[in-house]
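Shown below: start-v5.csv, with CSV, C-alpha atoms.
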```
chain,number,residue,atom,x,y,z
A,1122,MET,CA,0.0,0.0,0.0
A,1123,ASN,CA,1.5,3.4,-1.0
A,1124,GLY,CA,1.3,6.6,0.9
A,1125,LEU,CA,-1.8,7.9,-0.9
A,1126,GLU,CA,-3.7,4.7,-0.3
A,1127,HIS,CA,-2.7,4.7,3.3
A,1128,ALA,CA,-3.8,8.3,3.8
A,1129,ALA,CA,-7.1,7.5,2.0
A,1130,GLY,CA,-7.7,4.5,4.3
A,1131,LEU,CA,-7.0,6.6,7.4
A,1132,ALA,CA,-9.4,9.3,6.1
A,1133,TYR,CA,-12.2,6.7,5.5
A,1134,GLY,CA,-11.6,5.2,9.0
A,1135,ALA,CA,-11.7,8.7,10.6
A,1136,ALA,CA,-14.9,9.6,8.6
A,1137,PHE,CA,-16.6,6.4,9.8
A,1138,LEU,CA,-15.4,7.0,13.4
A,1139,THR,CA,-16.6,10.6,13.3
A,1140,GLY,CA,-20.1,9.4,12.3
A,1141,LEU,CA,-20.1,6.6,14.8
A,1142,LEU,CA,-18.8,8.7,17.8
A,1143,GLY,CA,-21.1,11.6,16.7
A,1144,SER,CA,-24.1,9.6,17.5
A,1145,GLY,CA,-24.8,11.7,20.6
A,1146,HIS,CA,-24.7,14.8,18.5
A,1147,CYS,CA,-26.9,13.2,15.9
A,1148,LEU,CA,-29.4,12.2,18.5
A,1149,GLY,CA,-29.4,15.6,20.1
A,1150,MET,CA,-29.8,17.5,16.8
A,1151,CYS,CA,-32.0,15.1,14.8
A,1152,GLY,CA,-33.2,12.3,17.1
A,1153,GLY,CA,-36.4,14.1,18.1
A,1154,LEU,CA,-36.9,15.2,14.5
A,1155,VAL,CA,-36.7,11.7,13.1
A,1156,SER,CA,-38.9,10.2,15.9
A,1157,ALA,CA,-41.5,12.9,15.4
A,1158,PHE,CA,-41.4,12.4,11.6
A,1159,PHE,CA,-42.2,8.7,11.8
A,1160,MET,CA,-44.8,9.3,14.5
A,1161,ARG,CA,-46.6,11.8,12.3
A,1162,THR,CA,-46.5,9.6,9.2
A,1163,GLN,CA,-47.5,6.5,11.2
A,1164,ALA,CA,-45.2,4.5,8.9
A,1165,ARG,CA,-45.3,0.8,9.4
A,1166,GLY,CA,-42.7,-1.8,8.6
A,1167,LEU,CA,-39.0,-1.5,7.6
A,1168,THR,CA,-39.5,-0.1,4.1
A,1169,PRO,CA,-40.1,3.6,5.1
A,1170,HIS,CA,-37.1,3.5,7.4
A,1171,LEU,CA,-34.9,2.1,4.5
A,1172,ALA,CA,-36.2,4.8,2.2
A,1173,TYR,CA,-35.5,7.6,4.8
A,1174,HIS,CA,-31.9,6.5,5.6
A,1175,GLY,CA,-31.2,5.4,2.0
A,1176,ALA,CA,-32.1,8.9,0.8
A,1177,ARG,CA,-30.1,10.5,3.6
A,1178,LEU,CA,-27.0,8.5,2.7
A,1179,GLY,CA,-27.6,9.3,-1.0
A,1180,ILE,CA,-27.5,13.0,-0.2
A,1181,TYR,CA,-24.3,12.6,1.7
A,1182,THR,CA,-22.8,10.7,-1.2
A,1183,LEU,CA,-23.8,13.5,-3.6
A,1184,ILE,CA,-22.4,16.1,-1.3
A,1185,GLY,CA,-19.0,14.3,-1.3
A,1186,LEU,CA,-19.1,14.0,-5.0
A,1187,ALA,CA,-19.8,17.7,-5.5
A,1188,ALA,CA,-17.1,18.7,-3.0
A,1189,ALA,CA,-14.5,16.5,-4.7
A,1190,LEU,CA,-15.5,17.9,-8.1
A,1191,LEU,CA,-15.1,21.5,-6.7
A,1192,GLY,CA,-11.7,20.6,-5.3
A,1193,ALA,CA,-10.7,19.2,-8.7
A,1194,VAL,CA,-11.8,22.4,-10.4
A,1195,LEU,CA,-9.8,24.5,-8.0
A,1196,VAL,CA,-6.7,22.4,-8.5
A,1197,SER,CA,-7.0,22.7,-12.3
A,1198,THR,CA,-7.1,26.5,-12.2
A,1199,GLY,CA,-3.5,26.9,-11.4
A,1200,ARG,CA,-0.2,25.0,-10.9
A,1201,ILE,CA,-1.6,21.6,-10.0
A,1202,GLY,CA,1.0,20.7,-7.3
A,1203,LEU,CA,1.1,24.0,-5.5
A,1204,VAL,CA,-2.7,24.5,-5.6
A,1205,GLN,CA,-3.4,20.9,-4.5
A,1206,GLY,CA,-1.1,21.4,-1.5
A,1207,LEU,CA,-2.6,24.8,-0.7
A,1208,LEU,CA,-6.1,23.3,-0.9
A,1209,GLN,CA,-5.2,20.7,1.6
A,1210,ILE,CA,-3.8,23.3,3.9
A,1211,VAL,CA,-7.0,25.4,3.7
A,1212,ALA,CA,-9.2,22.3,4.0
A,1213,GLY,CA,-7.2,21.1,7.1
A,1214,LEU,CA,-7.6,24.5,8.8
A,1215,VAL,CA,-11.4,24.6,8.1
A,1216,VAL,CA,-11.9,21.1,9.3
A,1217,ILE,CA,-10.0,21.9,12.5
A,1218,LEU,CA,-12.2,25.0,13.1
A,1219,LEU,CA,-15.3,22.9,12.5
A,1220,GLY,CA,-14.0,20.3,15.0
A,1221,LEU,CA,-13.4,23.1,17.6
A,1222,ASP,CA,-16.9,24.4,16.8
A,1223,LEU,CA,-18.2,20.9,17.8
A,1224,LEU,CA,-16.3,21.3,21.1
A,1225,GLY,CA,-17.8,24.8,21.5
A,1226,VAL,CA,-14.4,26.5,21.7
A,1227,SER,CA,-14.0,27.7,18.1
A,1228,PRO,CA,-13.4,31.4,17.5
A,1229,TRP,CA,-15.7,31.0,14.5
A,1230,ARG,CA,-19.2,29.5,14.9
A,1231,ASN,CA,-20.5,27.5,12.0
A,1232,THR,CA,-23.7,29.0,10.5
A,1233,LEU,CA,-23.3,27.4,7.1
A,1234,GLY,CA,-25.7,24.8,5.6
A,1235,PHE,CA,-26.2,23.1,2.3
A,1236,ALA,CA,-29.5,24.9,1.7
A,1237,PRO,CA,-31.6,27.7,3.4
A,1238,LEU,CA,-32.8,26.4,6.8
A,1239,ALA,CA,-36.3,27.9,6.4
A,1240,TRP,CA,-36.7,26.0,3.1
A,1241,LEU,CA,-35.4,22.8,4.6
A,1242,ARG,CA,-37.8,23.0,7.6
A,1243,ARG,CA,-40.8,23.7,5.2
A,1244,GLN,CA,-39.9,20.7,3.0
A,1245,PHE,CA,-39.4,18.4,6.0
A,1246,GLY,CA,-42.8,19.4,7.4
A,1247,GLN,CA,-44.5,18.9,4.0
A,1248,ALA,CA,-42.8,15.5,3.5
A,1249,THR,CA,-45.1,13.9,6.2
A,1250,GLN,CA,-48.0,14.6,3.9
A,1251,ARG,CA,-46.5,12.7,0.9
A,1252,GLY,CA,-47.2,9.2,2.1
A,1253,PRO,CA,-45.1,6.8,4.2
A,1254,LEU,CA,-42.7,5.8,1.4
A,1255,VAL,CA,-42.3,8.9,-0.8
A,1256,GLY,CA,-42.5,11.1,2.3
A,1257,ALA,CA,-39.8,9.1,4.1
A,1258,ALA,CA,-37.5,9.4,1.1
A,1259,ILE,CA,-38.0,13.2,0.9
A,1260,GLY,CA,-37.6,13.5,4.7
A,1261,GLY,CA,-34.4,11.6,4.6
A,1262,ALA,CA,-33.0,13.7,1.8
A,1263,VAL,CA,-33.9,16.9,3.6
A,1264,ASN,CA,-32.3,15.5,6.8
A,1265,GLY,CA,-29.1,15.0,4.9
A,1266,LEU,CA,-29.0,18.7,4.0
A,1267,MET,CA,-29.6,20.0,7.5
A,1268,PRO,CA,-26.8,22.2,9.0
A,1269,CYS,CA,-24.3,20.1,10.8
A,1270,SER,CA,-20.6,20.9,11.6
A,1271,MET,CA,-19.7,17.2,11.3
A,1272,THR,CA,-21.2,16.8,7.8
A,1273,MET,CA,-19.7,20.2,6.8
A,1274,ALA,CA,-16.2,19.0,8.0
A,1275,MET,CA,-16.5,15.8,6.0
A,1276,ALA,CA,-17.5,17.8,2.9
A,1277,VAL,CA,-14.6,20.2,3.3
A,1278,GLN,CA,-12.3,17.1,3.7
A,1279,ALA,CA,-13.8,15.7,0.5
A,1280,THR,CA,-12.5,18.6,-1.5
A,1281,THR,CA,-9.0,17.1,-1.1
A,1282,ALA,CA,-10.0,13.7,-2.3
A,1283,PRO,CA,-7.9,12.4,-5.3
A,1284,THR,CA,-11.0,11.6,-7.4
A,1285,PRO,CA,-14.7,12.5,-7.3
A,1286,GLY,CA,-15.4,8.8,-6.5
A,1287,ASP,CA,-13.2,9.0,-3.4
A,1288,GLY,CA,-15.0,12.1,-2.2
A,1289,ALA,CA,-18.4,10.4,-2.6
A,1290,LEU,CA,-17.1,7.3,-0.8
A,1291,LEU,CA,-15.8,9.4,2.1
A,1292,LEU,CA,-19.2,11.0,2.8
A,1293,LEU,CA,-20.9,7.6,2.3
A,1294,VAL,CA,-18.6,6.0,4.9
A,1295,PHE,CA,-19.3,8.9,7.2
A,1296,GLY,CA,-23.1,8.4,6.7
A,1297,LEU,CA,-22.8,4.7,7.4
A,1298,GLY,CA,-21.1,5.6,10.7
A,1299,THR,CA,-24.2,7.7,11.7
A,1300,LEU,CA,-26.6,4.9,10.7
A,1301,PRO,CA,-26.7,2.9,14.0
A,1302,SER,CA,-27.8,5.9,16.1
A,1303,MET,CA,-30.0,7.5,13.4
A,1304,ALA,CA,-31.7,4.2,12.6
A,1305,SER,CA,-32.5,3.6,16.2
A,1306,ALA,CA,-33.3,7.2,17.1
A,1307,SER,CA,-36.8,6.5,18.1
A,1308,TRP,CA,-35.5,4.1,20.8
A,1309,LEU,CA,-32.3,5.8,21.8
A,1310,PHE,CA,-33.7,9.4,22.0
A,1311,GLY,CA,-34.2,10.3,25.6
A,1312,ARG,CA,-32.4,7.1,26.8
A,1313,LEU,CA,-28.9,8.3,26.1
A,1314,GLY,CA,-28.2,10.9,28.8
A,1315,VAL,CA,-26.9,14.4,28.2
A,1316,ARG,CA,-23.6,13.5,29.8
A,1317,ALA,CA,-23.1,10.5,27.5
A,1318,ARG,CA,-24.1,12.5,24.4
A,1319,ASN,CA,-21.6,15.2,25.4
A,1320,TRP,CA,-18.7,12.7,25.8
A,1321,LEU,CA,-19.5,11.1,22.4
A,1322,LEU,CA,-19.6,14.5,20.8
A,1323,LYS,CA,-16.2,15.4,22.3
A,1324,ALA,CA,-14.8,12.2,21.0
A,1325,ALA,CA,-16.2,12.9,17.5
A,1326,ALA,CA,-14.9,16.5,17.6
A,1327,LEU,CA,-11.4,15.3,18.5
A,1328,THR,CA,-11.5,12.8,15.6
A,1329,VAL,CA,-12.5,15.6,13.3
A,1330,ILE,CA,-9.6,17.8,14.6
A,1331,ALA,CA,-7.1,14.9,14.2
A,1332,LEU,CA,-8.3,14.5,10.6
A,1333,GLY,CA,-7.9,18.2,10.0
A,1334,LEU,CA,-4.4,18.2,11.5
A,1335,ALA,CA,-3.4,15.2,9.3
A,1336,THR,CA,-4.7,17.0,6.2
A,1337,LEU,CA,-2.9,20.2,7.2
A,1338,TRP,CA,0.4,18.3,7.7
A,1339,GLN,CA,0.1,16.4,4.5
A,1340,GLY,CA,-0.8,19.6,2.5
A,1341,SER,CA,2.1,21.5,4.0
A,1342,ARG,CA,4.6,18.8,3.1
A,1343,TYR,CA,3.2,18.5,-0.4
A,1344,PHE,CA,3.2,22.2,-0.9
A,1345,LEU,CA,6.9,22.6,0.2
A,1346,VAL,CA,8.0,19.7,-2.0
A,1347,MET,CA,6.3,21.1,-5.1
A,1348,TYR,CA,7.5,24.6,-4.3
A,1349,ARG,CA,11.1,23.4,-4.2
A,1350,LEU,CA,10.7,21.5,-7.4
A,1351,ILE,CA,9.3,24.6,-9.2
A,1352,LEU,CA,12.1,26.7,-7.9
```
So that I can check it, write out the structure of this file as structure tokens.
Amino acid sequence: MNGLEHAAGLAYGAAFLTGLLGSGHCLGMCGGLVSAFFMRTQARGLTPHLAYHGARLGIYTLIGLAAALLGAVLVSTGRIGLVQGLLQIVAGLVVILLGLDLLGVSPWRNTLGFAPLAWLRRQFGQATQRGPLVGAAIGGAVNGLMPCSMTMAMAVQATTAPTPGDGALLLLVFGLGTLPSMASASWLFGRLGVRARNWLLKAAALTVIALGLATLWQGSRYFLVMYRLIL
């Protein structure tokens, strides 16, 4: 396994761990939302749940694909080596800030989302009227676009992916990490205490920060190597 493959493997592992450890954050932010959604739709059986979480994971995958494509466009606009290193440095710094935001100690508070929050809330509310299956798919897709520092951090990380497919896979792996908590939200919500959720959130935030530091280090080394080659 070469260096790039090793780094990619570490990124996928960190993405999955972030999603898994972030279960407390997911439950706190979306657990009640998901529970209320299925209570209002009175969905029966497994199929609506599969539609909901399948659509949510699909949106994560598309976000990763779009982020990686954006990173590829940025790299292609200048000297590939230097810009790629610089992009990794910037992405690493942003991911670190988002991790600090999850800890509540960031000098910059994340207010960014993937779509206007008022529109997302309206679409989520209307989804309950679209039937148990179609409504669940719409609700899951909207849930995937909800403002979340963890998702945003993974999207920023995906801009440094070597290919669009790698970026899509990174976000899919992250989404799979969130699946245990989100799929069982109706049971876990309210049973996982505030202290437990806070500890899990801190662990997820530290994983995000570690991923950002690794990206920053890798980008700095790559930038310096390419800079010396050009000189």
For this session: Skip A:Phe1137 itself and residues of its chain fewer than 2 positions away, then list as a list of chain:residue names all residues within 8 Å of it, counting only C-alpha atoms.
Result: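 Skipping anything fewer than 2 positions along the chain leaves A:Tyr1133, A:Gly1134, A:Ala1135, A:Thr1139, A:Gly1140, A:Leu1141, A:Val1294, A:Phe1295, A:Gly1296, A:Leu1297, A:Gly1298, A:Thr1299.
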For this session: Give me, please, the distance in Å between atom CA of A:Gly1286 and atom CA of A:Ser1270, quoted to one decimal.
Result: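 Between these atoms lies a distance of 22.4 Å.
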I'd like the neighbourhood of A:Thr1162 as a PDB file with C-alpha atoms, keeping the file's coordinate frame, where a residue qualifies if any of its atoms comes within 8 Å (using only C-alpha atoms), though same-chain residues fewer than 3 positions away should be ignored.
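The file below, selection.pdb, is the result:
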```pdb
ATOM      1  CA  PHE A1158     -41.400  12.400  11.600  1.00  0.00           C
ATOM      2  CA  PHE A1159     -42.200   8.700  11.800  1.00  0.00           C
ATOM      3  CA  THR A1249     -45.100  13.900   6.200  1.00  0.00           C
ATOM      4  CA  GLN A1250     -48.000  14.600   3.900  1.00  0.00           C
ATOM      5  CA  GLY A1252     -47.200   9.200   2.100  1.00  0.00           C
ATOM      6  CA  PRO A1253     -45.100   6.800   4.200  1.00  0.00           C
TER       7      PRO A1253
END
```
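Candidate residues A:Leu1254, A:Ala1289, A:Ile1259, A:Val1346 were compared for distance to A:Arg1165, and the nearest is A:Leu1254, using only C-alpha atoms.
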For this session: Using atom CA of A:Ala1136 and atom CA of A:Ala1239 as the two end points, give the distance in Å to one decimal.
Result: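 Going from atom CA of A:Ala1136 over to atom CA of A:Ala1239, I get 28.2 Å.
When atom CA of A:Ala1212 is paired with atom CA of A:Pro1228, their separation reads 16.8 Å.
With only C-alpha atoms as the atoms that count, the residue of A:Ala1262, A:Met1273, A:Ala1257, A:Leu1138 with the shortest distance to A:Gln1163 is A:Ala1257.
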For this session: Identify, on the basis of all atoms listed in the file, every residue whose closest approach to A:Leu1183 does not exceed 10 Å; exclude the query and any residue fewer than 5 positions from it along the same chain; express the result as an NGL selection string.
Result: :A and (1178 or 1188-1189 or 1285 or 1288-1290 or 1292-1293)
Just C-alpha atoms for this one: save the residues we selected as an mmCIF file, keeping the file's coordinate frame.
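Now in selection.cif:
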```cif
data_model
loop_
_atom_site.group_PDB
_atom_site.id
_atom_site.type_symbol
_atom_site.label_atom_id
_atom_site.label_comp_id
_atom_site.auth_asym_id
_atom_site.auth_seq_id
_atom_site.Cartn_x
_atom_site.Cartn_y
_atom_site.Cartn_z
ATOM 1 C CA LEU A 1178 -27.000 8.500 2.700
ATOM 2 C CA ALA A 1188 -17.100 18.700 -3.000
ATOM 3 C CA ALA A 1189 -14.500 16.500 -4.700
ATOM 4 C CA PRO A 1285 -14.700 12.500 -7.300
ATOM 5 C CA GLY A 1288 -15.000 12.100 -2.200
ATOM 6 C CA ALA A 1289 -18.400 10.400 -2.600
ATOM 7 C CA LEU A 1290 -17.100 7.300 -0.800
ATOM 8 C CA LEU A 1292 -19.200 11.000 2.800
ATOM 9 C CA LEU A 1293 -20.900 7.600 2.300
#
```
Seminar exercise, completed: One residue among A:Ala1236, A:Met1303, A:Ile1217, A:Met1275 is nearest to A:Ile1330 when using only C-alpha atoms, and that residue is A:Ile1217
Exercise. From the set A:Val1194, A:Val1226, A:Val1155, A:Ala1172, which residue has the shortest atom-to-atom contact distance to A:Thr1281, counting only C-alpha atoms?
Worked result: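 Comparing A:Val1194, A:Val1226, A:Val1155, A:Ala1172 against A:Thr1281, the winner is A:Val1194.
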Problem set entry | Shell around A:Gly1265 at 7 Å using all atoms listed in the file, local window under 5 positions removed, as a PyMOL selection string | chain A and resi 1177+1180-1181
Exercise. With all atoms listed in the file as the basis for distance, which of A:Leu1241, A:Ala1324, A:Ala1335, A:Ala1132 is at the shortest distance from A:Gly1261?
Worked result: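 Of the candidates, the smallest distance to A:Gly1261 is held by A:Leu1241.
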Name the residues within 6 Å of (-25.7, 19.5, 4.5), counting all atoms listed in the file in the file's coordinates, and put them as a CSV table (one decimal) with C-alpha atoms, keeping the file's coordinate frame.
```csv
chain,number,residue,atom,x,y,z
A,1234,GLY,CA,-25.7,24.8,5.6
A,1235,PHE,CA,-26.2,23.1,2.3
A,1265,GLY,CA,-29.1,15.0,4.9
A,1266,LEU,CA,-29.0,18.7,4.0
A,1267,MET,CA,-29.6,20.0,7.5
A,1268,PRO,CA,-26.8,22.2,9.0
```
Problem set entry | Nearest residue to A:Leu1291 from the set A:Ala1304, A:Leu1186, A:Leu1214, A:Ala1248 (distances using all atoms listed in the file) | A:Leu1186
